[in-house]
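S.K.: Input file: start_24.csv. Contents: CSV, C-alpha atoms.
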```csv
chain,number,residue,atom,x,y,z
A,1,MET,CA,24.7,4.3,13.5
A,2,GLU,CA,21.7,3.9,15.7
A,3,LYS,CA,21.7,0.8,17.9
A,4,HIS,CA,18.5,-1.2,18.2
A,5,SER,CA,17.2,-3.1,21.2
A,6,GLN,CA,16.8,-6.9,21.1
A,7,SER,CA,13.1,-6.5,20.9
A,8,PHE,CA,12.8,-3.9,18.1
A,9,VAL,CA,12.5,-5.1,14.5
A,10,PRO,CA,12.5,-2.3,11.8
A,11,LYS,CA,10.1,-2.7,8.9
A,12,LEU,CA,11.5,-4.2,5.7
A,13,CYS,CA,11.7,-2.0,2.7
A,14,ILE,CA,11.2,-3.7,-0.7
A,15,GLU,CA,13.3,-1.9,-3.4
A,16,GLY,CA,12.6,-4.0,-6.4
A,17,ILE,CA,10.9,-7.1,-7.8
A,18,GLN,CA,11.4,-8.8,-11.1
A,19,THR,CA,10.7,-12.1,-12.9
A,20,VAL,CA,13.4,-14.5,-13.8
A,21,THR,CA,12.8,-17.1,-16.6
A,22,PRO,CA,15.0,-19.8,-18.1
A,23,ILE,CA,17.2,-18.5,-20.8
A,24,ARG,CA,15.8,-21.0,-23.3
A,25,ILE,CA,12.3,-22.4,-23.9
A,26,THR,CA,11.8,-25.8,-22.2
A,27,GLU,CA,11.2,-28.5,-24.8
A,28,PRO,CA,9.5,-30.8,-24.2
A,29,ARG,CA,7.5,-29.5,-21.3
A,30,GLN,CA,7.4,-31.5,-18.1
A,31,THR,CA,4.4,-32.2,-15.9
A,32,ARG,CA,3.8,-33.3,-12.4
A,33,GLN,CA,0.4,-34.7,-11.5
A,34,VAL,CA,-1.1,-33.6,-8.2
A,35,SER,CA,-3.7,-36.1,-7.0
A,36,ALA,CA,-5.5,-34.4,-4.2
A,37,GLY,CA,-9.2,-35.1,-4.5
A,38,ASP,CA,-11.1,-33.4,-1.7
A,39,MET,CA,-7.7,-31.9,-0.4
A,40,VAL,CA,-7.7,-29.3,-3.1
A,41,GLY,CA,-7.7,-26.0,-1.1
A,42,PRO,CA,-5.7,-23.9,1.3
A,43,GLY,CA,-3.6,-26.9,2.4
A,44,ILE,CA,-2.1,-27.1,-1.0
A,45,PHE,CA,-2.2,-23.4,-2.1
A,46,GLN,CA,-0.8,-21.8,1.1
A,47,ARG,CA,1.8,-24.2,2.5
A,48,CYS,CA,5.5,-23.5,1.6
A,49,LEU,CA,9.1,-24.3,2.5
A,50,ASN,CA,11.3,-21.5,3.6
A,51,MET,CA,15.1,-21.2,3.9
A,52,VAL,CA,17.2,-18.1,4.9
A,53,GLN,CA,21.0,-17.9,4.6
A,54,TYR,CA,22.8,-15.1,6.4
A,55,TYR,CA,26.1,-13.8,5.1
A,56,LYS,CA,28.6,-11.4,6.7
A,57,LYS,CA,30.4,-8.7,4.7
A,58,GLU,CA,33.8,-10.4,4.2
A,59,LYS,CA,35.3,-8.0,1.6
A,60,GLU,CA,34.9,-4.4,0.7
A,61,GLU,CA,33.2,-5.3,-2.6
A,62,ASP,CA,30.7,-7.6,-0.9
A,63,SER,CA,27.1,-6.5,-1.3
A,64,GLY,CA,23.7,-8.1,-1.3
A,65,TRP,CA,22.9,-5.8,-4.3
A,66,LEU,CA,25.7,-7.4,-6.2
A,67,VAL,CA,24.6,-10.9,-5.3
A,68,ALA,CA,21.0,-10.1,-6.4
A,69,GLY,CA,22.3,-8.9,-9.7
A,70,TRP,CA,24.3,-12.0,-10.3
A,71,ILE,CA,21.4,-14.1,-9.2
A,72,LYS,CA,19.3,-12.7,-12.0
A,73,GLU,CA,21.9,-14.0,-14.5
A,74,THR,CA,22.8,-17.3,-12.9
A,75,LEU,CA,19.2,-18.3,-12.0
A,76,SER,CA,18.0,-18.0,-15.6
A,77,ARG,CA,20.7,-20.7,-16.4
A,78,ALA,CA,20.0,-22.9,-13.4
A,79,LEU,CA,16.3,-23.0,-14.3
A,80,MET,CA,17.2,-25.0,-17.4
A,81,GLU,CA,18.4,-27.7,-15.1
A,82,GLN,CA,15.1,-28.0,-13.3
A,83,PRO,CA,12.4,-26.2,-15.3
A,84,MET,CA,9.6,-27.3,-13.0
A,85,ILE,CA,10.8,-24.7,-10.5
A,86,SER,CA,9.7,-21.9,-13.0
A,87,GLY,CA,6.4,-23.6,-13.9
A,88,ARG,CA,2.9,-23.1,-12.7
A,89,LEU,CA,0.2,-25.1,-11.0
A,90,ARG,CA,-3.0,-25.4,-13.1
A,91,LYS,CA,-6.3,-27.2,-13.2
A,92,VAL,CA,-6.4,-30.2,-15.5
A,93,GLU,CA,-9.1,-29.8,-18.2
A,94,ALA,CA,-11.9,-32.3,-18.3
A,95,SER,CA,-11.1,-33.6,-14.8
A,96,ASP,CA,-12.8,-33.5,-11.4
A,97,GLY,CA,-10.7,-30.8,-9.8
A,98,GLU,CA,-7.3,-32.5,-10.5
A,99,LEU,CA,-4.2,-30.3,-10.6
A,100,GLU,CA,-0.8,-30.5,-12.3
A,101,ILE,CA,2.4,-28.5,-12.4
A,102,VAL,CA,3.6,-27.7,-15.9
A,103,SER,CA,7.1,-26.4,-16.8
A,104,ASN,CA,5.8,-23.5,-18.9
A,105,ASP,CA,8.7,-21.2,-18.2
A,106,CYS,CA,6.6,-18.5,-16.6
A,107,GLY,CA,9.4,-17.8,-14.1
A,108,ILE,CA,10.1,-17.2,-10.5
A,109,ARG,CA,10.1,-13.9,-8.6
A,110,LEU,CA,13.3,-12.1,-7.4
A,111,VAL,CA,12.8,-9.6,-4.6
A,112,GLU,CA,15.5,-7.0,-3.5
A,113,ALA,CA,15.0,-5.4,-0.1
A,114,LYS,CA,16.8,-3.6,2.7
A,115,ILE,CA,16.3,-3.4,6.5
A,116,GLN,CA,17.7,-0.7,8.9
A,117,MET,CA,19.5,-3.0,11.2
A,118,ASN,CA,22.9,-4.7,11.4
A,119,LEU,CA,23.1,-8.4,10.7
A,120,SER,CA,24.6,-9.2,14.1
A,121,GLU,CA,21.7,-7.2,15.8
A,122,PHE,CA,19.2,-9.2,13.8
A,123,LEU,CA,20.7,-12.6,14.8
A,124,ASP,CA,20.7,-11.5,18.4
A,125,LEU,CA,17.0,-10.6,18.4
A,126,LYS,CA,15.0,-12.3,21.1
A,127,GLN,CA,12.1,-12.8,18.7
A,128,ARG,CA,14.3,-13.7,15.7
A,129,GLU,CA,12.1,-16.7,15.0
A,130,ASP,CA,9.2,-14.4,14.2
A,131,ALA,CA,11.3,-11.7,12.6
A,132,LYS,CA,12.9,-14.0,10.1
A,133,ALA,CA,9.6,-14.2,8.2
A,134,GLN,CA,10.4,-10.7,6.8
A,135,LEU,CA,13.4,-12.2,5.0
A,136,VAL,CA,11.4,-14.5,2.7
A,137,PHE,CA,8.7,-13.5,0.3
A,138,TRP,CA,5.7,-15.7,-0.4
A,139,LYS,CA,2.3,-15.0,-2.0
A,140,ASP,CA,-0.3,-17.7,-1.6
A,141,ILE,CA,-1.3,-19.4,-4.8
A,142,ASP,CA,-4.5,-18.1,-6.2
A,143,GLU,CA,-7.1,-20.9,-5.6
A,144,GLN,CA,-9.4,-19.8,-8.5
A,145,ASN,CA,-6.6,-19.1,-11.0
A,146,PRO,CA,-3.5,-21.0,-9.8
A,147,GLN,CA,-1.9,-20.7,-13.3
A,148,PHE,CA,-1.0,-17.1,-12.6
A,149,SER,CA,0.9,-17.7,-9.3
A,150,PRO,CA,4.7,-18.3,-9.0
A,151,LEU,CA,5.8,-21.4,-7.1
A,152,PHE,CA,9.2,-20.2,-6.1
A,153,TYR,CA,10.5,-16.9,-4.7
A,154,VAL,CA,14.0,-15.5,-3.9
A,155,GLN,CA,14.5,-12.5,-1.7
A,156,VAL,CA,17.9,-10.8,-1.1
A,157,THR,CA,17.8,-8.5,1.9
A,158,ASN,CA,20.6,-6.0,2.6
A,159,PHE,CA,21.6,-5.1,6.2
A,160,GLU,CA,23.1,-1.7,7.2
A,161,CYS,CA,26.5,-3.3,8.0
A,162,GLY,CA,26.9,-4.7,4.5
A,163,GLY,CA,25.8,-8.2,5.4
A,164,TYR,CA,22.9,-9.7,3.6
A,165,SER,CA,20.5,-12.6,3.6
A,166,ILE,CA,19.2,-14.8,0.8
A,167,GLY,CA,15.7,-16.1,1.5
A,168,ILE,CA,14.1,-18.9,-0.5
A,169,SER,CA,10.4,-19.9,-0.5
A,170,CYS,CA,8.8,-22.6,-2.6
A,171,SER,CA,5.5,-24.4,-2.8
A,172,ILE,CA,5.2,-27.5,-0.7
A,173,LEU,CA,4.5,-29.3,-4.0
A,174,LEU,CA,8.1,-28.6,-5.1
A,175,ALA,CA,9.8,-29.1,-1.7
A,176,ASP,CA,11.4,-32.5,-2.7
A,177,LEU,CA,13.0,-30.8,-5.8
A,178,SER,CA,14.2,-27.7,-4.1
A,179,PHE,CA,17.4,-28.8,-2.3
A,180,GLU,CA,18.8,-30.6,-5.4
A,181,PHE,CA,17.9,-27.6,-7.5
A,182,LEU,CA,19.7,-25.2,-5.0
A,183,LYS,CA,22.8,-27.3,-5.1
A,184,LYS,CA,22.9,-27.1,-8.9
A,185,TRP,CA,22.1,-23.4,-8.9
A,186,THR,CA,24.8,-22.4,-6.4
A,187,ASN,CA,27.4,-24.4,-8.4
A,188,ILE,CA,26.4,-22.5,-11.6
A,189,HIS,CA,26.3,-19.2,-9.6
A,190,ASN,CA,29.8,-19.5,-8.1
A,191,SER,CA,31.3,-20.7,-11.4
A,192,ILE,CA,29.9,-17.7,-13.4
A,193,VAL,CA,30.7,-15.1,-10.7
A,194,ASN,CA,34.3,-16.4,-10.1
A,195,ASN,CA,35.1,-16.6,-13.8
A,196,ASN,CA,33.5,-13.3,-14.9
A,197,GLU,CA,35.8,-10.3,-15.4
A,198,GLN,CA,32.9,-8.0,-15.3
A,199,LYS,CA,32.9,-6.1,-11.9
A,200,LEU,CA,29.2,-5.4,-11.9
A,201,PRO,CA,26.3,-7.6,-13.1
A,202,LEU,CA,24.0,-6.3,-15.8
A,203,PHE,CA,21.1,-6.1,-13.4
A,204,TYR,CA,22.6,-4.1,-10.6
A,205,LEU,CA,19.8,-2.2,-8.9
A,206,PRO,CA,21.7,0.7,-7.3
A,207,GLY,CA,23.1,1.4,-10.8
A,208,LEU,CA,19.7,1.5,-12.3
A,209,LYS,CA,18.1,3.8,-9.8
A,210,ASN,CA,17.9,7.6,-10.1
A,211,ASN,CA,20.3,8.9,-7.4
A,212,THR,CA,18.6,12.3,-7.3
A,213,SER,CA,15.4,11.0,-5.9
A,214,SER,CA,14.4,8.6,-3.1
A,215,SER,CA,12.9,5.2,-3.9
A,216,PRO,CA,9.5,4.6,-2.4
A,217,ASN,CA,8.9,1.3,-0.8
A,218,LEU,CA,7.0,-0.9,-3.2
A,219,MET,CA,3.5,-1.7,-2.0
A,220,ILE,CA,3.7,-5.5,-2.4
A,221,SER,CA,2.1,-7.7,0.2
A,222,SER,CA,3.6,-11.0,1.3
A,223,THR,CA,1.9,-13.8,3.2
A,224,SER,CA,5.1,-15.4,4.5
A,225,GLY,CA,4.7,-14.2,8.1
A,226,LYS,CA,1.7,-16.3,8.9
A,227,SER,CA,1.6,-19.7,10.7
A,228,SER,CA,5.1,-21.1,10.9
A,229,GLY,CA,5.6,-24.6,12.3
A,230,LYS,CA,8.1,-26.9,14.1
A,231,THR,CA,9.7,-29.6,12.0
A,232,MET,CA,11.3,-33.0,12.6
A,233,ILE,CA,12.9,-35.1,9.9
A,234,PHE,CA,13.2,-38.9,10.0
A,235,LYS,CA,15.0,-41.4,7.7
A,236,ILE,CA,14.0,-45.0,6.9
A,237,ASN,CA,15.6,-47.5,4.6
A,238,VAL,CA,13.3,-49.6,2.4
A,239,GLU,CA,14.0,-52.2,-0.4
A,240,THR,CA,11.6,-51.0,-3.1
A,241,GLU,CA,10.7,-47.7,-4.8
A,242,ASN,CA,7.0,-48.6,-4.8
A,243,LEU,CA,5.7,-47.2,-1.6
A,244,GLU,CA,2.2,-48.5,-0.8
A,245,SER,CA,-0.3,-46.1,0.4
A,246,GLU,CA,-1.1,-48.0,3.6
A,247,TRP,CA,2.6,-48.3,4.5
A,248,CYS,CA,3.0,-44.5,4.0
A,249,ARG,CA,0.1,-43.8,6.3
A,250,LYS,CA,1.4,-46.0,9.0
A,251,VAL,CA,5.0,-44.7,9.0
A,252,ALA,CA,3.7,-41.1,8.7
A,253,LEU,CA,1.6,-41.6,11.8
A,254,ALA,CA,4.5,-43.2,13.7
A,255,CYS,CA,6.8,-40.3,12.9
A,256,LEU,CA,4.0,-37.8,13.6
A,257,GLU,CA,3.5,-39.2,17.1
A,258,GLU,CA,7.2,-39.2,17.8
A,259,ALA,CA,7.5,-35.6,16.7
A,260,GLU,CA,4.6,-34.6,18.9
A,261,ASN,CA,6.3,-36.2,21.9
A,262,ASN,CA,9.6,-34.4,21.1
A,263,LEU,CA,8.3,-31.0,20.2
A,264,GLY,CA,5.6,-30.9,22.9
A,265,SER,CA,2.9,-30.0,20.5
A,266,GLU,CA,-0.1,-31.8,18.9
A,267,THR,CA,-1.7,-31.6,15.5
A,268,GLY,CA,-5.2,-32.6,16.5
A,269,ALA,CA,-7.2,-35.6,15.2
A,270,GLU,CA,-6.2,-35.2,11.5
A,271,PHE,CA,-3.1,-34.5,9.5
A,272,SER,CA,-2.3,-34.0,5.8
A,273,LEU,CA,-0.1,-36.5,4.0
A,274,PHE,CA,2.0,-35.6,1.0
A,275,VAL,CA,3.6,-38.6,-0.8
A,276,ASN,CA,6.1,-37.9,-3.6
A,277,GLU,CA,5.4,-41.0,-5.6
A,278,SER,CA,7.8,-40.0,-8.4
A,279,PHE,CA,9.1,-37.0,-10.2
A,280,GLU,CA,5.9,-37.0,-12.3
A,281,ALA,CA,3.4,-37.5,-9.4
A,282,ILE,CA,2.6,-36.4,-5.9
A,283,LYS,CA,-0.4,-37.6,-3.9
A,284,VAL,CA,-2.1,-35.6,-1.2
A,285,GLU,CA,-4.7,-36.9,1.3
A,286,ASN,CA,-6.2,-36.2,4.7
A,287,CYS,CA,-5.5,-38.8,7.3
A,288,SER,CA,-7.2,-39.4,10.7
A,289,LYS,CA,-5.1,-40.6,13.6
A,290,ASP,CA,-7.9,-43.0,14.6
A,291,GLY,CA,-8.3,-44.3,11.1
A,292,VAL,CA,-4.7,-45.5,10.7
A,293,LEU,CA,-3.5,-48.8,12.3
A,294,LYS,CA,-0.3,-48.1,14.3
A,295,PRO,CA,2.7,-49.9,12.8
A,296,LYS,CA,5.3,-51.7,14.7
A,297,VAL,CA,8.1,-49.2,13.9
A,298,GLU,CA,10.8,-48.6,16.5
A,299,LEU,CA,12.8,-45.4,16.4
A,300,ASN,CA,16.6,-45.4,17.2
A,301,LYS,CA,16.8,-48.8,15.5
A,302,GLU,CA,18.3,-49.7,12.1
A,303,LEU,CA,15.0,-49.3,10.4
A,304,LEU,CA,14.0,-45.7,11.3
A,305,SER,CA,16.2,-43.0,12.6
A,306,TYR,CA,16.3,-39.2,13.2
A,307,GLY,CA,17.4,-36.9,10.5
A,308,LYS,CA,18.2,-33.2,10.1
A,309,TRP,CA,18.0,-30.5,7.5
A,310,ASP,CA,21.5,-31.2,6.4
A,311,ASP,CA,20.5,-34.7,5.3
A,312,LEU,CA,18.4,-33.0,2.6
A,313,GLY,CA,21.4,-31.2,1.2
A,314,GLY,CA,21.1,-27.8,2.7
A,315,ASN,CA,24.7,-27.8,4.1
A,316,GLU,CA,26.0,-28.0,0.5
A,317,VAL,CA,24.4,-24.8,-0.6
A,318,SER,CA,26.4,-21.6,-0.5
A,319,PHE,CA,26.2,-18.6,-2.8
A,320,ARG,CA,29.7,-17.4,-2.1
A,321,GLN,CA,32.5,-19.9,-2.8
A,322,GLY,CA,34.9,-20.4,0.1
A,323,TYR,CA,32.5,-18.8,2.6
A,324,LYS,CA,29.7,-20.5,4.4
A,325,PRO,CA,26.7,-18.6,5.7
A,326,VAL,CA,27.0,-17.6,9.4
A,327,HIS,CA,23.6,-19.0,10.0
A,328,VAL,CA,20.8,-20.9,8.1
A,329,SER,CA,17.1,-21.1,9.0
A,330,TYR,CA,14.6,-23.6,7.7
A,331,TRP,CA,10.9,-23.8,8.3
A,332,PHE,CA,7.6,-24.8,6.8
A,333,ARG,CA,4.7,-22.5,6.8
A,334,SER,CA,1.9,-24.6,8.3
A,335,ILE,CA,-1.8,-23.9,8.1
A,336,LEU,CA,-4.8,-26.0,8.8
A,337,GLY,CA,-3.0,-28.3,11.3
A,338,GLY,CA,0.1,-30.5,10.8
A,339,PHE,CA,1.3,-32.4,7.8
A,340,VAL,CA,3.8,-35.2,6.8
A,341,ILE,CA,5.8,-35.4,3.6
A,342,VAL,CA,7.1,-38.8,2.5
A,343,THR,CA,9.7,-38.5,-0.2
A,344,PRO,CA,12.2,-41.2,-1.5
A,345,SER,CA,15.9,-40.3,-1.8
A,346,LEU,CA,17.9,-42.7,-3.9
A,347,ASP,CA,21.3,-42.7,-2.3
A,348,GLN,CA,22.2,-46.4,-1.9
A,349,GLU,CA,22.6,-49.3,-4.4
A,350,ASP,CA,20.6,-52.0,-2.7
A,351,SER,CA,18.1,-49.9,-0.6
A,352,ILE,CA,16.2,-46.7,-0.9
A,353,ARG,CA,16.2,-44.0,1.8
A,354,VAL,CA,12.9,-42.4,2.4
A,355,ASN,CA,12.9,-39.0,4.1
A,356,ILE,CA,9.8,-38.3,6.3
A,357,ILE,CA,9.3,-34.6,7.2
A,358,VAL,CA,6.8,-33.8,9.9
A,359,THR,CA,5.6,-30.3,10.6
A,360,ILE,CA,3.4,-29.3,13.5
A,361,PRO,CA,2.0,-25.8,13.9
A,362,ASN,CA,3.4,-23.6,16.7
A,363,GLU,CA,-0.2,-23.0,17.8
A,364,PHE,CA,-3.0,-25.3,17.2
```
Now, as a test, write the supplied structure out as structure tokens.
M.R.:
Amino acid sequence: MEKHSQSFVPKLCIEGIQTVTPIRITEPRQTRQVSAGDMVGPGIFQRCLNMVQYYKKEKEEDSGWLVAGWIKETLSRALMEQPMISGRLRKVEASDGELEIVSNDCGIRLVEAKIQMNLSEFLDLKQREDAKAQLVFWKDIDEQNPQFSPLFYVQVTNFECGGYSIGISCSILLADLSFEFLKKWTNIHNSIVNNNEQKLPLFYLPGLKNNTSSSPNLMISSTSGKSSGKTMIFKINVETENLESEWCRKVALACLEEAENNLGSETGAEFSLFVNESFEAIKVENCSKDGVLKPKVELNKELLSYGKWDDLGGNEVSFRQGYKPVHVSYWFRSILGGFVIVTPSLDQEDSIRVNIIVTIPNEF
């Protein structure tokens, strides 16, 4: 098998793409209002959260093709637990440009791919941070007709050694729901796979292909490789669920400035603020650093502290029971400057933890 240098990244080959929908119709339909006003534009339609899990081949029967086949079956059941994931963003009728996400069961996209490189070689790449963008698929939401664009993608990529990766990408408008959904989905996935006597899933791509002819690479373009950013996560405990707008702006600015100091990058004079007010509503606004009064918030104190991706539940996600991925990558695709997400996490009886996620573009 040919060895690759630490600077060479083979081109990904997409072998198949399909839509996965819930196994039952969602009744009643759920909606999430997106209050954005003048912020309706690329900042909403092009930003997304990405996660990639890397798995080694542990057993002879291990295969990314098998995993993808089971994902087709298990994901359709998991989507019933959080139908908003398979919904669409649409313009609200008789409104001034307002948007909403509706759980209309249009489905997510599942992509199967392969790359001519061993997993260990990929993880040793000097430019792995750039190369990992190949392992997730994302297509920007259509600004004119957003109702036709998926908000969630899954890509399973097979390496030559038998290892594989599972890449997840979702709209920034669903980022707060994604980790809880992934935990529910992987529990369903492992339960079905471990208790199924069937050796092969129904949707097994190598078994569906004609072995007498080669499979051309599907001509499908992805925008996942553009404009990644650096992210820091903060945690703050508050005593009420009702987060006032001015409080959110002040704390967002404090965390943004702390992230700039730690990451050695700046966002410029303005940043976007996403506030998950509730399951049914998310507010998006553009904030100016000069227009926000600096709050008296001290880091490394009881009030505000540093967080990490695992605090959002990513460490509890594994698509193979008993085996953890050998590596996990998280990042936000960031365009048009930096942004801050403020999202409550109810995890204590007498107080509410708020997660504050700050992303700064690698290049501004």
S.K.: What is the distance between CA of Thr74 (chain A) and CA of Phe179 (chain A), in Å to one decimal?
M.R.: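 Computed distance, CA of Thr74 (chain A) to CA of Phe179 (chain A), equals 16.5 Å.
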S.K.: Using all atoms listed in the file, which of A:Val340, A:Arg353, A:Gln127, A:Ile25 sits nearest Val238 (chain A)?
M.R.: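 Result for the nearest residue to Val238 (chain A): A:Arg353.
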S.K.: What is the CA of Ile14 (chain A)-CA of Val156 (chain A) distance in Å, reported with one decimal?
M.R.: 9.8 Å
S.K.: Considering all atoms listed in the file, can you say which of A:Ile192, A:Leu182, A:Ile172, A:Leu256 comes closest to Leu49 (chain A)?
M.R.: A:Ile172
S.K.: Find the residues around Asn190 (chain A) up to 7 Å (only C-alpha atoms counted), leave out those fewer than 5 positions away in its own chain, and share them as a list in words.
M.R.: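 With the cut-off at 7 Å, the set is Phe319, Arg320 and Gln321 of chain A.
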S.K.: Restricting the calculation to only C-alpha atoms: of A:Met80, A:Val154, A:Leu200, A:Ile85, which residue gets closest to Gly16 (chain A)?
M.R.: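 Closest to Gly16 (chain A), using only C-alpha atoms: A:Val154.
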S.K.: Just give me the gap between CA of Glu100 (chain A) and CA of Phe45 (chain A) in Å, one decimal is fine.
M.R.: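 Value for the CA of Glu100 (chain A)-CA of Phe45 (chain A) distance: 12.5 Å.
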S.K.: List every protein, DNA or RNA residue with an atom no more than 10 Å from (17.7, -18.9, -17.6) in the file's coordinates, counting only C-alpha atoms, and format the result as a list of chain:residue names.
M.R.: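 Neighbouring residues, ordered by chain and number, come to A:Val20, A:Thr21, A:Pro22, A:Ile23, A:Arg24, A:Ile25, A:Lys72, A:Glu73, A:Thr74, A:Leu75, A:Ser76, A:Arg77, A:Ala78, A:Leu79, A:Met80, A:Glu81, A:Pro83, A:Ser86, A:Asp105, A:Gly107.
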S.K.: Could you pull the residues within 12 Å of Phe152 (chain A), counting all atoms listed in the file, minus those fewer than 5 positions along the same chain, as JSON, numbers by chain?
M.R.: {"A": [19, 20, 21, 48, 49, 50, 51, 75, 79, 83, 84, 85, 86, 87, 88, 89, 106, 107, 108, 109, 110, 111, 136, 137, 138, 139, 140, 141, 167, 168, 169, 170, 171, 172, 173, 174, 175, 177, 178, 181, 182]}
S.K.: Could you please take those selected residues and save C-alpha atoms as a CSV table (one decimal), in the coordinates of the input?
M.R.:
```
chain,number,residue,atom,x,y,z
A,19,THR,CA,10.7,-12.1,-12.9
A,20,VAL,CA,13.4,-14.5,-13.8
A,21,THR,CA,12.8,-17.1,-16.6
A,48,CYS,CA,5.5,-23.5,1.6
A,49,LEU,CA,9.1,-24.3,2.5
A,50,ASN,CA,11.3,-21.5,3.6
A,51,MET,CA,15.1,-21.2,3.9
A,75,LEU,CA,19.2,-18.3,-12.0
A,79,LEU,CA,16.3,-23.0,-14.3
A,83,PRO,CA,12.4,-26.2,-15.3
A,84,MET,CA,9.6,-27.3,-13.0
A,85,ILE,CA,10.8,-24.7,-10.5
A,86,SER,CA,9.7,-21.9,-13.0
A,87,GLY,CA,6.4,-23.6,-13.9
A,88,ARG,CA,2.9,-23.1,-12.7
A,89,LEU,CA,0.2,-25.1,-11.0
A,106,CYS,CA,6.6,-18.5,-16.6
A,107,GLY,CA,9.4,-17.8,-14.1
A,108,ILE,CA,10.1,-17.2,-10.5
A,109,ARG,CA,10.1,-13.9,-8.6
A,110,LEU,CA,13.3,-12.1,-7.4
A,111,VAL,CA,12.8,-9.6,-4.6
A,136,VAL,CA,11.4,-14.5,2.7
A,137,PHE,CA,8.7,-13.5,0.3
A,138,TRP,CA,5.7,-15.7,-0.4
A,139,LYS,CA,2.3,-15.0,-2.0
A,140,ASP,CA,-0.3,-17.7,-1.6
A,141,ILE,CA,-1.3,-19.4,-4.8
A,167,GLY,CA,15.7,-16.1,1.5
A,168,ILE,CA,14.1,-18.9,-0.5
A,169,SER,CA,10.4,-19.9,-0.5
A,170,CYS,CA,8.8,-22.6,-2.6
A,171,SER,CA,5.5,-24.4,-2.8
A,172,ILE,CA,5.2,-27.5,-0.7
A,173,LEU,CA,4.5,-29.3,-4.0
A,174,LEU,CA,8.1,-28.6,-5.1
A,175,ALA,CA,9.8,-29.1,-1.7
A,177,LEU,CA,13.0,-30.8,-5.8
A,178,SER,CA,14.2,-27.7,-4.1
A,181,PHE,CA,17.9,-27.6,-7.5
A,182,LEU,CA,19.7,-25.2,-5.0
```
S.K.: Using all atoms listed in the file, which residue out of A:Phe234, A:Trp185, A:Phe148, A:Trp70 lies closest to Glu258 (chain A)?
M.R.: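 When distances to Glu258 (chain A) are compared using all atoms listed in the file, the smallest one comes from A:Phe234.
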S.K.: May I have the residues within 9 Å of Gly338 (chain A) as a PyMOL selection string, using all atoms listed in the file and disregarding those fewer than 5 positions away in the same chain?
M.R.: chain A and resi 229+256+266-268+270-272+358-361+364
S.K.: With distances taken over all atoms listed in the file, which residue among A:Trp309, A:His327, A:Gly337, A:Phe332 lies nearest Pro42 (chain A)?
M.R.: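 When distances to Pro42 (chain A) are compared using all atoms listed in the file, the smallest one comes from A:Gly337.
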S.K.: Can you work out which one of A:Lys283, A:Lys235, A:Lys56, A:Lys114 has the shortest atom-to-atom distance to Gln33 (chain A), counting only C-alpha atoms?
M.R.: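 Distance minimum relative to Gln33 (chain A) lands on A:Lys283.
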S.K.: Near Glu58 (chain A), within 9 Å and counting all atoms listed in the file, which residues show up once chain neighbours fewer than 5 positions away are dropped, as a PyMOL selection string?
M.R.: chain A and resi 162-163+323
S.K.: Neighbours of Leu202 (chain A) within 12 Å (all atoms listed in the file; same-chain residues fewer than 2 positions away dropped), as a list in words?
M.R.: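 Counting only the stated atoms, we get Trp65, Leu66, Val67, Ala68, Gly69, Trp70, Ile71, Lys72, Glu73, Thr74, Asn196, Gln198, Lys199, Leu200, Tyr204, Leu205, Pro206, Gly207 and Leu208 of chain A.
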S.K.: Using all atoms listed in the file and a cutoff of 12 Å, can you tell me which residues are near (8.4, -14.7, 11.5) in the file's coordinates, and write them out as a PyMOL selection string?
M.R.: chain A and resi 9+50+52+125-137+222-229+329-333+362
S.K.: Quick one: region 263-272 of chain A with N, CA and C atoms, as a PDB file, keeping the file's coordinate frame?
M.R.:
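Printed below is out-v3.pdb as written:
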```pdb
ATOM      1  N   LEU A 263       8.455 -32.453  20.360  1.00  0.00           N
ATOM      2  CA  LEU A 263       8.300 -31.000  20.200  1.00  0.00           C
ATOM      3  C   LEU A 263       7.267 -30.452  21.231  1.00  0.00           C
ATOM      4  N   GLY A 264       6.565 -31.326  21.911  1.00  0.00           N
ATOM      5  CA  GLY A 264       5.600 -30.900  22.900  1.00  0.00           C
ATOM      6  C   GLY A 264       4.395 -30.190  22.341  1.00  0.00           C
ATOM      7  N   SER A 265       4.031 -30.543  21.107  1.00  0.00           N
ATOM      8  CA  SER A 265       2.900 -30.000  20.500  1.00  0.00           C
ATOM      9  C   SER A 265       2.041 -31.086  19.829  1.00  0.00           C
ATOM     10  N   GLU A 266       0.777 -30.798  19.562  1.00  0.00           N
ATOM     11  CA  GLU A 266      -0.100 -31.800  18.900  1.00  0.00           C
ATOM     12  C   GLU A 266      -0.754 -31.165  17.697  1.00  0.00           C
ATOM     13  N   THR A 267      -1.113 -32.040  16.761  1.00  0.00           N
ATOM     14  CA  THR A 267      -1.700 -31.600  15.500  1.00  0.00           C
ATOM     15  C   THR A 267      -3.236 -31.683  15.521  1.00  0.00           C
ATOM     16  N   GLY A 268      -3.807 -32.353  16.495  1.00  0.00           N
ATOM     17  CA  GLY A 268      -5.200 -32.600  16.500  1.00  0.00           C
ATOM     18  C   GLY A 268      -5.516 -33.998  15.938  1.00  0.00           C
ATOM     19  N   ALA A 269      -6.742 -34.259  15.598  1.00  0.00           N
ATOM     20  CA  ALA A 269      -7.200 -35.600  15.200  1.00  0.00           C
ATOM     21  C   ALA A 269      -6.778 -35.975  13.789  1.00  0.00           C
ATOM     22  N   GLU A 270      -6.514 -34.975  12.947  1.00  0.00           N
ATOM     23  CA  GLU A 270      -6.200 -35.200  11.500  1.00  0.00           C
ATOM     24  C   GLU A 270      -4.930 -34.556  11.115  1.00  0.00           C
ATOM     25  N   PHE A 271      -4.335 -35.087  10.051  1.00  0.00           N
ATOM     26  CA  PHE A 271      -3.100 -34.500   9.500  1.00  0.00           C
ATOM     27  C   PHE A 271      -3.153 -34.696   7.972  1.00  0.00           C
ATOM     28  N   SER A 272      -2.417 -33.846   7.241  1.00  0.00           N
ATOM     29  CA  SER A 272      -2.300 -34.000   5.800  1.00  0.00           C
ATOM     30  C   SER A 272      -1.067 -34.799   5.448  1.00  0.00           C
TER      31      SER A 272
END
```
